[in-house]
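Comments concern the structure below.
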Amino acid sequence: MIATLLFTSHAAKLVASARDQLTWGTRYDSRYVTLKYPGGDVAKDRGVCTDVIIRAYRSVGRDLQKLIHDDKRKDPSAYPSGKLDSNIDHRRVPNMATFLRRKGASCPLDQDWQAGDVVWWKLDSGLNHVGLVTDKRGPSGNLMVIHNLSTPREEDCLKSWKLCGHFRW
């Protein structure tokens with residue numbers, strides 16, 4: 001029972017942080033940026049889909065920039081590209097998914113979705129995309145997701161694209 005309460009609090013903080021990002025006026029901007037390390041971030045008025053996740057996890061004390069970069073440094077062959085770059089390693093969906101798998105955070109793709117889960121899709125265009133599952137249900141009956149394709153938004157899109165990963169960490 002205690003673990004469930006802790007997870008609920010953790011998930012609530014992740015979702016609250018992602019929801020706060022909906023008010024920032026962030027626009028999608030995938031340009032390469034040199035970042036402070038650790039704890040670096042692009043300006044609040046810009047970002048990509050992974051930045052929604054990165055910022056939410058920072059609200060619970062987990063710096064994915066440092067964690068992913070350090071894990072990739074330990075075992076570069078486990079990651080899609082062995083090249084180390086603390087400015088971008090954490091901002092790439094395949095790197096984020098690899099890290100979450102390596103931390104034992106993988107869940108079945110099509111069941112038991114919960115608020116705070118990270119979803120990885122392959123868009124119709126073939127691009128990778130991630131979002132954070134929320135506690136609200138959309139018209140489809142599925143949990144809604146906060147993600148950034150143009151600007152962060154909370155949408156009923158959990159099953160809109162090909163599911164590639166489901167993570168709870």
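Each chain of the structure tokens is named A, B, ... in the order shown, its residues numbered from 1; ligands are numbered from 1 in display order.
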
Residues within 8 Å of region 58-70 of chain A, please, as a short mmCIF file (atom, residue, chain, number, x, y, z; two decimals) with C-alpha atoms, in the first residue's frame. Count only C-alpha atoms; anything in the same chain fewer than 3 positions from it doesn't count.
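In the end it all went to part27.cif:
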```cif
data_model
loop_
_atom_site.label_atom_id
_atom_site.label_comp_id
_atom_site.auth_asym_id
_atom_site.auth_seq_id
_atom_site.Cartn_x
_atom_site.Cartn_y
_atom_site.Cartn_z
CA HIS A 10 5.30 10.64 -7.98
CA LYS A 13 4.03 15.46 -9.64
CA LEU A 14 5.04 14.34 -13.13
CA SER A 17 4.76 19.50 -14.07
CA TYR A 37 25.79 20.15 -17.81
CA PRO A 38 24.27 18.84 -15.64
CA GLY A 39 20.87 20.49 -15.31
CA GLY A 40 20.88 22.20 -18.70
CA ILE A 54 12.81 15.84 -19.22
CA ARG A 55 11.19 18.81 -17.51
CA ARG A 73 29.13 6.78 -21.13
CA LYS A 74 29.22 3.48 -19.19
CA LEU A 84 28.56 11.02 -26.48
CA ASP A 85 27.07 14.50 -26.35
CA SER A 86 25.62 15.84 -23.10
CA ASN A 87 23.81 18.56 -25.07
CA ASP A 89 21.83 12.57 -25.69
CA HIS A 90 18.75 13.02 -23.49
CA ARG A 91 16.74 14.89 -26.15
CA ASN A 95 18.18 7.26 -26.28
CA MET A 96 15.43 8.01 -23.75
CA PHE A 99 17.71 4.36 -20.89
#
```

(message) For the helix (DSSP H, G or I) assignment from backbone DSSP, which residues of region 5-62 of chain A qualify? Please present them as a count of residues only.
(response) 27

(request) Would you kindly return, as a PyMOL selection string, each protein, DNA or RNA residue with an atom no farther than 9 Å from any atom of Glu155 (chain A), considering only C-alpha atoms and excluding same-chain residues fewer than 2 positions away? (result) chain A and resi 138+143-147+153+157-158

(message) Could you tell me how far CA of Pro94 (chain A) sits from CA of Asp51 (chain A), in Å to one decimal place?
(response)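 These two atoms are separated by 13.7 Å.
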
Hey, could you make a per-residue contact list for region 7-92 of chain A against region 124-134 of chain A with 7 Å as the cut-off, showing the nearest pair of atoms and its distance in Å to one decimal, counting only C-alpha atoms, sorted by chain and number, as a tab-separated table?
```
residue	atom	partner	partner_atom	distance
A:Val15	CA	A:Thr134	CA	5.8
A:Cys49	CA	A:Val130	CA	5.8
A:Thr50	CA	A:Val130	CA	6.3
A:Ile53	CA	A:Leu132	CA	6.6
```

Long-range neighbours of region 162-165 of chain A as a PDB file with N, CA and C atoms, in the first residue's frame, 9 Å cut-off, only C-alpha atoms, 5 positions minimum in chain:
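Listing of around20.pdb after writing:
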```pdb
ATOM      1  N   ALA A  97      14.327   6.025 -24.634  1.00  0.00           N
ATOM      2  CA  ALA A  97      13.708   4.695 -24.550  1.00  0.00           C
ATOM      3  C   ALA A  97      14.737   3.642 -24.121  1.00  0.00           C
ATOM      4  N   SER A 106      10.209  -0.782 -18.559  1.00  0.00           N
ATOM      5  CA  SER A 106       9.308  -1.204 -19.639  1.00  0.00           C
ATOM      6  C   SER A 106       8.059  -1.870 -19.096  1.00  0.00           C
ATOM      7  N   CYS A 107       6.935  -1.575 -19.729  1.00  0.00           N
ATOM      8  CA  CYS A 107       5.635  -2.166 -19.413  1.00  0.00           C
ATOM      9  C   CYS A 107       5.054  -2.730 -20.705  1.00  0.00           C
ATOM     10  N   PRO A 108       4.046  -3.605 -20.606  1.00  0.00           N
ATOM     11  CA  PRO A 108       3.391  -4.096 -21.825  1.00  0.00           C
ATOM     12  C   PRO A 108       2.846  -2.916 -22.641  1.00  0.00           C
ATOM     13  N   LEU A 109       2.930  -3.051 -23.956  1.00  0.00           N
ATOM     14  CA  LEU A 109       2.556  -1.948 -24.836  1.00  0.00           C
ATOM     15  C   LEU A 109       1.089  -1.545 -24.775  1.00  0.00           C
ATOM     16  N   ASP A 110       0.218  -2.468 -24.621  1.00  0.00           N
ATOM     17  CA  ASP A 110      -1.182  -2.121 -24.801  1.00  0.00           C
ATOM     18  C   ASP A 110      -2.059  -2.439 -23.594  1.00  0.00           C
ATOM     19  N   VAL A 118       5.311   7.017 -19.554  1.00  0.00           N
ATOM     20  CA  VAL A 118       5.851   7.604 -20.775  1.00  0.00           C
ATOM     21  C   VAL A 118       5.459   6.696 -21.927  1.00  0.00           C
ATOM     22  N   VAL A 119       4.915   7.289 -22.982  1.00  0.00           N
ATOM     23  CA  VAL A 119       4.554   6.543 -24.185  1.00  0.00           C
ATOM     24  C   VAL A 119       5.490   6.961 -25.317  1.00  0.00           C
ATOM     25  N   TRP A 120       5.961   5.959 -26.065  1.00  0.00           N
ATOM     26  CA  TRP A 120       6.806   6.185 -27.242  1.00  0.00           C
ATOM     27  C   TRP A 120       6.035   5.693 -28.447  1.00  0.00           C
ATOM     28  N   TRP A 121       5.883   6.569 -29.428  1.00  0.00           N
ATOM     29  CA  TRP A 121       5.209   6.211 -30.675  1.00  0.00           C
ATOM     30  C   TRP A 121       6.155   6.359 -31.849  1.00  0.00           C
ATOM     31  N   LYS A 122       5.748   5.717 -32.957  1.00  0.00           N
ATOM     32  CA  LYS A 122       6.297   5.994 -34.282  1.00  0.00           C
ATOM     33  C   LYS A 122       5.165   6.705 -35.013  1.00  0.00           C
ATOM     34  N   LEU A 123       5.393   7.956 -35.373  1.00  0.00           N
ATOM     35  CA  LEU A 123       4.371   8.735 -36.085  1.00  0.00           C
ATOM     36  C   LEU A 123       4.177   8.188 -37.495  1.00  0.00           C
ATOM     37  N   ASP A 124       3.087   8.564 -38.128  1.00  0.00           N
ATOM     38  CA  ASP A 124       2.811   8.127 -39.501  1.00  0.00           C
ATOM     39  C   ASP A 124       3.947   8.518 -40.440  1.00  0.00           C
ATOM     40  N   ASN A 128      10.068   9.322 -34.493  1.00  0.00           N
ATOM     41  CA  ASN A 128       9.818   8.923 -33.109  1.00  0.00           C
ATOM     42  C   ASN A 128       9.209  10.091 -32.349  1.00  0.00           C
ATOM     43  N   VAL A 130       7.416  11.064 -28.158  1.00  0.00           N
ATOM     44  CA  VAL A 130       7.069  10.642 -26.794  1.00  0.00           C
ATOM     45  C   VAL A 130       6.096  11.616 -26.156  1.00  0.00           C
TER      46      VAL A 130
END
```

(message) Please determine, counting only C-alpha atoms, which residue among A:Tyr79, A:Trp161, A:Trp169, A:Tyr32 has the shortest atom-to-atom distance to Ala11 (chain A).
(response)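 For Ala11 (chain A), the nearest of the given residues is A:Trp169.
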
(request) Between CA of Val33 (chain A) and CA of Val93 (chain A), measure the distance and give it in Å to one decimal. (result) 16.5 Å

(message) Just want the 7 Å neighbourhood of Asp29 (chain A), counted on only C-alpha atoms, with same-chain residues fewer than 4 positions away dropped. Output as a list in words.
(response)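 So, after excluding close chain neighbours, the residues are Arg46, Gly47 and Val48 of chain A.
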
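Here CA of Asp41 (chain A) is placed at a distance of 26.8 Å from CA of Gln114 (chain A).
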
(request) Enumerate the residues of region 72-156 of chain A with a DSSP assignment of strand (DSSP E or B), computed from the backbone, and present them as a list of chain:residue names. (result)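 Everything in region 72-156 of chain A that counts as strand (DSSP E or B) is A:Ser106, A:Val118, A:Val119, A:Trp120, A:Trp121, A:Lys122, A:Asn128, A:His129, A:Val130, A:Gly131, A:Leu132, A:Val133, A:Thr134, A:Asp135, A:Lys136, A:Arg137, A:Leu143, A:Met144, A:Val145, A:Ile146, A:His147, A:Asn148, A:Pro152, A:Arg153, A:Glu154, A:Glu155.
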